[in-house]
$ cat start31.cif   # mmCIF, C-alpha atoms
data_model
#
loop_
_atom_site.label_atom_id
_atom_site.label_comp_id
_atom_site.auth_asym_id
_atom_site.auth_seq_id
_atom_site.Cartn_x
_atom_site.Cartn_y
_atom_site.Cartn_z
CA MET A 187 -46.82 -52.78 7.86
CA SER A 188 -48.18 -52.80 4.35
CA ASP A 189 -47.34 -50.18 1.80
CA ASP A 190 -50.95 -48.97 1.89
CA THR A 191 -50.68 -48.02 5.56
CA LYS A 192 -47.46 -46.06 5.26
CA LEU A 193 -47.78 -42.31 5.91
CA GLU A 194 -46.92 -40.20 2.94
CA VAL A 195 -44.26 -37.58 3.64
CA PRO A 196 -45.17 -34.26 1.97
CA PRO A 197 -42.57 -33.09 -0.46
CA ARG A 198 -40.21 -30.46 0.86
CA LYS A 199 -41.03 -26.99 -0.42
CA LYS A 200 -38.38 -25.44 -2.54
CA GLY A 201 -37.42 -21.79 -2.05
CA LEU A 202 -35.29 -19.41 -0.04
CA THR A 203 -34.99 -19.69 3.70
CA ARG A 204 -35.79 -16.73 5.91
CA ARG A 205 -32.11 -16.03 6.43
CA GLN A 206 -31.46 -16.12 2.70
CA LYS A 207 -34.35 -13.72 2.10
CA ARG A 208 -32.90 -11.26 4.63
CA SER A 209 -29.48 -11.49 2.99
CA LEU A 210 -31.00 -10.95 -0.46
CA SER A 211 -33.02 -7.95 0.76
CA ARG A 212 -29.94 -6.43 2.38
CA GLY A 213 -27.91 -6.97 -0.78
CA ILE A 214 -30.58 -5.24 -2.89
CA GLN A 215 -30.62 -2.27 -0.51
CA TYR A 216 -26.83 -1.96 -0.67
CA ALA A 217 -26.90 -2.18 -4.47
CA VAL A 218 -29.56 0.56 -4.72
CA PHE A 219 -27.61 2.78 -2.32
CA VAL A 220 -24.36 2.34 -4.27
CA ALA A 221 -26.19 3.00 -7.56
CA VAL A 222 -27.66 6.26 -6.20
CA VAL A 223 -24.25 7.42 -4.93
CA ILE A 224 -22.60 6.63 -8.27
CA ALA A 225 -25.37 8.39 -10.20
CA PHE A 226 -24.98 11.47 -8.00
CA ALA A 227 -21.19 11.45 -8.37
CA VAL A 228 -21.35 11.08 -12.15
CA SER A 229 -24.06 13.70 -12.71
CA ALA A 230 -22.57 16.43 -10.44
CA ASP A 231 -20.43 19.16 -11.98
CA TRP A 232 -17.47 18.89 -9.63
CA GLY A 233 -15.52 21.57 -11.45
CA ARG A 234 -18.13 24.25 -10.80
CA LEU A 235 -18.53 23.09 -7.20
CA LYS A 236 -14.78 23.36 -6.66
CA ASN A 237 -14.66 26.85 -8.13
CA GLN A 238 -17.53 28.04 -5.94
CA PHE A 239 -16.86 26.21 -2.64
CA ALA A 240 -13.22 25.10 -2.56
CA GLN A 241 -10.89 27.96 -3.39
CA ALA A 242 -7.74 27.33 -1.36
CA ASP A 243 -6.51 30.92 -1.55
CA ILE A 244 -9.79 32.26 -0.13
CA ALA A 245 -9.78 29.64 2.62
CA GLU A 246 -6.22 30.59 3.60
CA GLN A 247 -7.26 34.23 4.01
CA MET A 248 -9.74 33.20 6.69
CA PHE A 249 -7.07 31.93 9.07
CA PRO A 250 -6.43 32.50 11.89
CA ASP A 251 -9.45 34.84 12.34
CA VAL A 252 -11.98 32.09 11.65
CA ILE A 253 -10.62 30.27 14.73
CA THR A 254 -9.43 33.04 17.01
CA LEU A 255 -12.44 35.28 16.38
CA ALA A 256 -15.46 33.52 14.83
CA LEU A 257 -15.11 30.09 16.45
CA LYS A 258 -14.11 31.63 19.78
CA ASN A 259 -17.20 33.84 19.81
CA THR A 260 -19.42 30.92 18.83
CA VAL A 261 -18.08 28.85 21.73
CA LEU A 262 -18.48 31.75 24.17
CA TYR A 263 -22.06 32.40 23.04
CA THR A 264 -22.89 28.71 23.35
CA LEU A 265 -21.35 28.19 26.79
CA SER A 266 -22.92 31.34 28.24
CA GLY A 267 -26.33 30.36 26.88
CA PHE A 268 -25.90 26.82 28.22
CA VAL A 269 -25.04 28.06 31.72
CA VAL A 270 -28.03 30.43 31.80
CA GLY A 271 -30.31 27.71 30.41
CA LEU A 272 -29.07 25.14 32.91
CA VAL A 273 -29.58 27.38 35.94
CA LEU A 274 -32.98 28.61 34.77
CA GLY A 275 -33.96 25.11 33.65
CA MET A 276 -33.16 23.74 37.11
CA VAL A 277 -35.38 26.37 38.74
CA ILE A 278 -38.23 25.71 36.29
CA ALA A 279 -37.91 21.93 36.79
CA LEU A 280 -38.14 22.27 40.58
CA MET A 281 -41.13 24.59 40.19
CA ARG A 282 -42.71 22.00 37.88
CA LEU A 283 -42.34 19.39 40.62
CA SER A 284 -43.42 21.70 43.42
CA SER A 285 -46.49 21.02 45.51
CA VAL A 286 -47.39 24.72 45.24
CA GLY A 287 -49.95 25.15 42.48
CA PRO A 288 -48.90 28.60 41.13
CA TYR A 289 -45.30 27.41 40.78
CA ARG A 290 -46.41 24.42 38.72
CA TRP A 291 -48.70 26.53 36.55
CA PHE A 292 -46.01 29.14 35.88
CA ALA A 293 -43.46 26.46 34.98
CA GLY A 294 -45.93 24.70 32.70
CA VAL A 295 -46.83 27.92 30.86
CA TYR A 296 -43.16 28.88 30.50
CA ILE A 297 -42.22 25.49 29.06
CA GLU A 298 -45.08 25.46 26.57
CA ILE A 299 -44.41 29.00 25.37
CA PHE A 300 -40.64 28.79 24.94
CA ARG A 301 -40.73 25.30 23.46
CA GLY A 302 -43.37 26.41 20.98
CA LEU A 303 -41.74 29.65 19.81
CA PRO A 304 -38.92 29.58 17.23
CA ALA A 305 -35.56 30.65 18.65
CA LEU A 306 -35.43 33.40 16.02
CA LEU A 307 -38.43 35.15 17.58
CA ILE A 308 -36.79 35.01 21.01
CA PHE A 309 -33.67 36.71 19.63
CA ILE A 310 -35.78 39.42 17.99
CA PHE A 311 -37.72 39.88 21.24
CA ILE A 312 -34.51 40.31 23.24
CA GLY A 313 -33.00 42.67 20.67
CA VAL A 314 -36.08 44.81 19.97
CA ALA A 315 -38.85 44.38 22.54
CA VAL A 316 -36.74 44.56 25.70
CA PRO A 317 -35.15 47.96 24.85
CA LEU A 318 -38.61 49.31 23.94
CA ALA A 319 -40.19 48.02 27.14
CA PHE A 320 -37.36 49.21 29.40
CA PRO A 321 -35.86 52.38 27.85
CA GLY A 322 -32.31 53.09 28.93
CA THR A 323 -31.85 49.61 30.34
CA GLU A 324 -28.77 47.72 29.16
CA ILE A 325 -28.40 43.98 29.49
CA ILE A 326 -25.21 43.12 31.35
CA GLY A 327 -22.48 41.94 28.99
CA GLY A 328 -23.70 43.73 25.88
CA THR A 329 -24.12 41.43 22.91
CA TYR A 330 -22.71 38.48 24.85
CA GLY A 331 -25.28 39.05 27.58
CA LYS A 332 -28.13 39.31 25.07
CA VAL A 333 -27.09 36.08 23.35
CA ALA A 334 -26.71 34.29 26.67
CA LEU A 335 -30.18 35.43 27.72
CA ALA A 336 -31.82 34.55 24.39
CA LEU A 337 -30.20 31.11 24.15
CA GLY A 338 -30.77 30.50 27.85
CA LEU A 339 -34.49 31.25 27.65
CA VAL A 340 -34.90 28.78 24.81
CA ALA A 341 -32.67 26.10 26.30
CA ALA A 342 -34.23 26.36 29.76
CA ALA A 343 -37.60 25.13 28.50
CA TYR A 344 -36.07 21.94 27.12
CA MET A 345 -33.59 21.47 29.96
CA ALA A 346 -36.36 21.87 32.54
CA GLU A 347 -38.25 18.90 31.13
CA THR A 348 -35.02 16.88 30.87
CA ILE A 349 -34.08 17.66 34.48
CA ARG A 350 -37.60 16.93 35.69
CA ALA A 351 -37.54 13.54 33.98
CA GLY A 352 -34.13 12.80 35.50
CA ILE A 353 -35.31 13.68 39.01
CA GLN A 354 -38.39 11.52 38.63
CA ALA A 355 -36.22 8.64 37.35
CA VAL A 356 -34.35 8.49 40.67
CA PRO A 357 -35.98 5.79 42.85
CA LYS A 358 -38.32 7.25 45.46
CA GLY A 359 -36.56 5.17 48.08
CA GLN A 360 -33.57 7.52 47.84
CA MET A 361 -35.62 10.42 49.17
CA GLU A 362 -37.19 8.25 51.86
CA ALA A 363 -33.77 7.01 52.96
CA ALA A 364 -32.43 10.57 53.12
CA ARG A 365 -35.42 11.72 55.17
CA SER A 366 -34.94 8.81 57.56
CA LEU A 367 -31.37 10.00 58.13
CA GLY A 368 -32.64 13.43 59.17
CA PHE A 369 -32.23 15.29 55.86
CA SER A 370 -34.73 18.03 55.12
CA PRO A 371 -36.57 17.74 51.77
CA ALA A 372 -34.50 20.59 50.28
CA ARG A 373 -31.18 19.19 51.49
CA ALA A 374 -32.09 15.70 50.31
CA MET A 375 -32.98 17.06 46.89
CA VAL A 376 -29.71 19.00 46.55
CA SER A 377 -27.38 16.43 48.10
CA ILE A 378 -28.93 13.11 47.06
CA ILE A 379 -31.51 13.35 44.28
CA ILE A 380 -30.11 15.99 41.92
CA PRO A 381 -26.58 14.49 41.66
CA GLN A 382 -28.09 11.12 40.74
CA ALA A 383 -30.46 12.77 38.27
CA PHE A 384 -27.58 14.52 36.50
CA ARG A 385 -25.81 11.23 35.93
CA ILE A 386 -28.94 10.08 34.12
CA ILE A 387 -29.49 13.21 32.02
CA LEU A 388 -25.91 13.97 30.94
CA PRO A 389 -26.41 12.59 27.38
CA PRO A 390 -29.53 14.68 26.61
CA LEU A 391 -27.92 17.76 28.18
CA THR A 392 -24.90 17.30 25.91
CA ASN A 393 -27.27 17.03 22.96
CA GLU A 394 -28.77 20.35 24.04
CA LEU A 395 -25.28 21.85 24.02
CA VAL A 396 -24.87 20.76 20.38
CA LEU A 397 -28.20 22.36 19.47
CA LEU A 398 -27.24 25.61 21.20
CA PHE A 399 -23.95 25.64 19.33
CA LYS A 400 -25.88 25.73 16.06
CA ASP A 401 -28.56 28.15 17.34
CA SER A 402 -25.83 30.66 18.18
CA SER A 403 -25.86 31.56 14.48
CA LEU A 404 -29.01 33.62 15.19
CA VAL A 405 -26.88 36.24 16.92
CA LEU A 406 -26.77 38.18 13.64
CA PHE A 407 -30.36 39.34 14.32
CA LEU A 408 -29.11 41.24 17.38
CA GLY A 409 -26.73 43.33 15.32
CA VAL A 410 -23.08 42.58 16.04
CA THR A 411 -19.81 44.38 15.46
CA LEU A 412 -16.95 42.91 13.44
CA GLU A 413 -15.32 41.67 16.65
CA GLU A 414 -18.52 40.01 17.85
CA ARG A 415 -19.24 37.91 14.74
CA GLU A 416 -19.72 34.18 15.11
CA LEU A 417 -19.05 31.51 12.47
CA SER A 418 -22.16 31.93 10.32
CA LYS A 419 -21.99 35.73 10.24
CA TYR A 420 -18.24 35.64 9.59
CA GLY A 421 -18.66 33.18 6.73
CA ARG A 422 -21.54 35.12 5.14
CA ASP A 423 -19.67 38.42 5.29
CA LEU A 424 -16.59 36.97 3.60
CA ALA A 425 -18.74 35.16 1.03
CA SER A 426 -20.31 38.50 0.08
CA THR A 427 -16.93 40.22 -0.06
CA THR A 428 -15.25 37.55 -2.19
CA ALA A 429 -18.33 36.62 -4.27
CA ASN A 430 -17.49 33.00 -3.46
CA SER A 431 -19.02 30.40 -1.13
CA THR A 432 -15.73 28.96 0.15
CA PRO A 433 -16.01 30.91 3.47
CA ILE A 434 -19.39 29.28 4.11
CA LEU A 435 -17.89 25.82 3.59
CA VAL A 436 -15.00 26.62 5.94
CA ALA A 437 -17.45 27.90 8.57
CA GLY A 438 -19.45 24.69 8.23
CA LEU A 439 -16.30 22.61 8.75
CA CYS A 440 -15.57 24.61 11.90
CA TYR A 441 -19.03 23.74 13.22
CA LEU A 442 -18.32 20.07 12.57
CA LEU A 443 -14.99 20.46 14.37
CA VAL A 444 -17.00 20.90 17.57
CA THR A 445 -20.28 19.05 16.99
CA VAL A 446 -18.78 15.75 15.75
CA PRO A 447 -16.63 15.18 18.89
CA LEU A 448 -19.59 16.20 21.07
CA GLY A 449 -21.79 13.69 19.23
CA PHE A 450 -19.19 10.99 19.87
CA VAL A 451 -19.15 11.90 23.57
CA VAL A 452 -22.96 11.62 23.71
CA ARG A 453 -22.91 8.16 22.12
CA ARG A 454 -20.23 6.99 24.56
CA MET A 455 -22.22 8.25 27.54
CA GLU A 456 -25.40 6.59 26.26
CA THR A 457 -23.53 3.31 25.80
CA LYS A 458 -22.10 3.46 29.32
CA ALA A 459 -25.54 4.28 30.72
CA GLN A 460 -27.06 1.25 28.98
CA GLU A 461 -24.24 -0.98 30.26
CA ALA A 462 -24.79 0.31 33.80
CA VAL A 463 -28.49 -0.61 33.58
CA LYS A 464 -27.63 -4.15 32.45
#
$ encode --input "start31.cif" --output "structure tokens"
Amino acid sequence: MSDDTKLEVPPRKKGLTRRQKRSLSRGIQYAVFVAVVIAFAVSADWGRLKNQFAQADIAEQMFPDVITLALKNTVLYTLSGFVVGLVLGMVIALMRLSSVGPYRWFAGVYIEIFRGLPALLIFIFIGVAVPLAFPGTEIIGGTYGKVALALGLVAAAYMAETIRAGIQAVPKGQMEAARSLGFSPARAMVSIIIPQAFRIILPPLTNELVLLFKDSSLVLFLGVTLEERELSKYGRDLASTTANSTPILVAGLCYLLVTVPLGFVVRRMETKAQEAVK
């Protein structure tokens, strides 16, 4: 073959490969992030922050009441609201799935209203509107009952949709198999479908528990006694008394003491659920 007939090989283009470009882009992002953190650390007045938020003597005065009183009340408010929300949410979810039209309409209206209203307005409604509408009527449990009802009404709207999605995620063949074994629709739902649905929806329900834990700070709008204060109210009262923000920081750390482990539990459950699907 003559030299004239030889195919010319195009010269190889010089430049970065796709992998090298990704590595360079990632390196630039890391460098920018580190630069921002350093700039923030250098420009902040750490001395003033320490004086306002990290006074050890003030923090010591908060113990053990911040745990035995404020944190305990916060946990009690959260758990009571979660139980009320779970029970009511289950009822609303089943009404949402019902073949009876009025049940579905009521559930739909309830979900839209309580998902659309801020939790603060629900607390004000429970604390002000209910006593006006029903004079002389006391909610069982006093402040704890009011908080449980307010948190439960808010949580139920979200839990209802979560439970409904979990029930619908269970294969329809499970209901058909239960019916073929002689189960009634109600018994099949309670014994077969709902237990499987709860295994699916445990992570989002735990997330709802974390949200309720933070929403419990709205209890101050109901008017509480010194013995009924939760973390936020307790921290704000001490911050006003001491003219220092250290109590607020300590209260925030107590929130993290609960929410961080719960967040870890949620991630573990989500990972196990994904592995089970695979």
$ closest_residue --input "start31.cif" --among "A:Val252, A:Val261, A:Glu394, A:Ala364" --to "Arg422 in chain A" --atoms "all atoms listed in the file"
A:Val252
$ residues_around --input "start31.cif" --residues "Gln382 in chain A" --least-positions-apart "2" --cutoff "9 Å" --atoms "all atoms listed in the file" --output "PDB file with C-alpha atoms, keeping the file's coordinate frame"
ATOM      1  CA  GLY A 352     -34.130  12.800  35.500  1.00  0.00           C
ATOM      2  CA  ILE A 353     -35.310  13.680  39.010  1.00  0.00           C
ATOM      3  CA  VAL A 356     -34.350   8.490  40.670  1.00  0.00           C
ATOM      4  CA  ILE A 378     -28.930  13.110  47.060  1.00  0.00           C
ATOM      5  CA  ILE A 379     -31.510  13.350  44.280  1.00  0.00           C
ATOM      6  CA  ILE A 380     -30.110  15.990  41.920  1.00  0.00           C
ATOM      7  CA  PHE A 384     -27.580  14.520  36.500  1.00  0.00           C
ATOM      8  CA  ARG A 385     -25.810  11.230  35.930  1.00  0.00           C
ATOM      9  CA  ILE A 386     -28.940  10.080  34.120  1.00  0.00           C
TER      10      ILE A 386
END
$ resolve_selection --input "start31.cif" --expression "the PyMOL selection byres ((chain A and resi 283) around 12)" --output "list in words"
Met276, Val277, Ile278, Ala279, Leu280, Met281, Arg282, Ser284, Ser285, Val286, Gly287, Pro288, Tyr289, Arg290, Trp291, Phe292, Ala293, Gly294, Ala346, Glu347, Ile349, Arg350, Ala351, Gly352, Ile353, Gln354 and Met375 of chain A
$ resolve_selection --input "start31.cif" --expression "the PyMOL selection byres ((chain A and resi 400) around 12)" --output "ChimeraX atom specification"
/A:257,260-261,263-265,267,305,337,393-399,401-405,416-418,437-438,440-442,444-445
$ closest_residue --input "start31.cif" --among "A:Gly327, A:Ala336, A:Val223, A:Leu262" --to "Leu303 in chain A" --atoms "only C-alpha atoms"
A:Ala336
$ atom_distance --input "start31.cif" --atom1 "CA of Asn259 in chain A" --atom2 "CA of Leu339 in chain A"
19.2 Å
$ residues_around --input "start31.cif" --residues "range 451-454 of chain A" --least-positions-apart "6" --cutoff "8 Å" --atoms "all atoms listed in the file" --output "short mmCIF file (atom, residue, chain, number, x, y, z; two decimals) with C-alpha atoms, in the coordinates of the input"
data_model
loop_
_atom_site.label_atom_id
_atom_site.label_comp_id
_atom_site.auth_asym_id
_atom_site.auth_seq_id
_atom_site.Cartn_x
_atom_site.Cartn_y
_atom_site.Cartn_z
CA PRO A 389 -26.41 12.59 27.38
CA PRO A 390 -29.53 14.68 26.61
CA THR A 392 -24.90 17.30 25.91
CA ASN A 393 -27.27 17.03 22.96
#
$ atom_distance --input "start31.cif" --atom1 "CA of Phe311 in chain A" --atom2 "CA of Gly328 in chain A"
15.3 Å
$ closest_residue --input "start31.cif" --among "A:Val446, A:Val436, A:Ile312, A:Ala383" --to "Phe249 in chain A" --atoms "all atoms listed in the file"
A:Val436
$ closest_residue --input "start31.cif" --among "A:Met345, A:Leu443, A:Ile325, A:Ala334" --to "Ile297 in chain A" --atoms "all atoms listed in the file"
A:Met345
$ closest_residue --input "start31.cif" --among "A:Phe239, A:Phe320, A:Phe219, A:Phe226" --to "Ala429 in chain A" --atoms "all atoms listed in the file"
A:Phe239
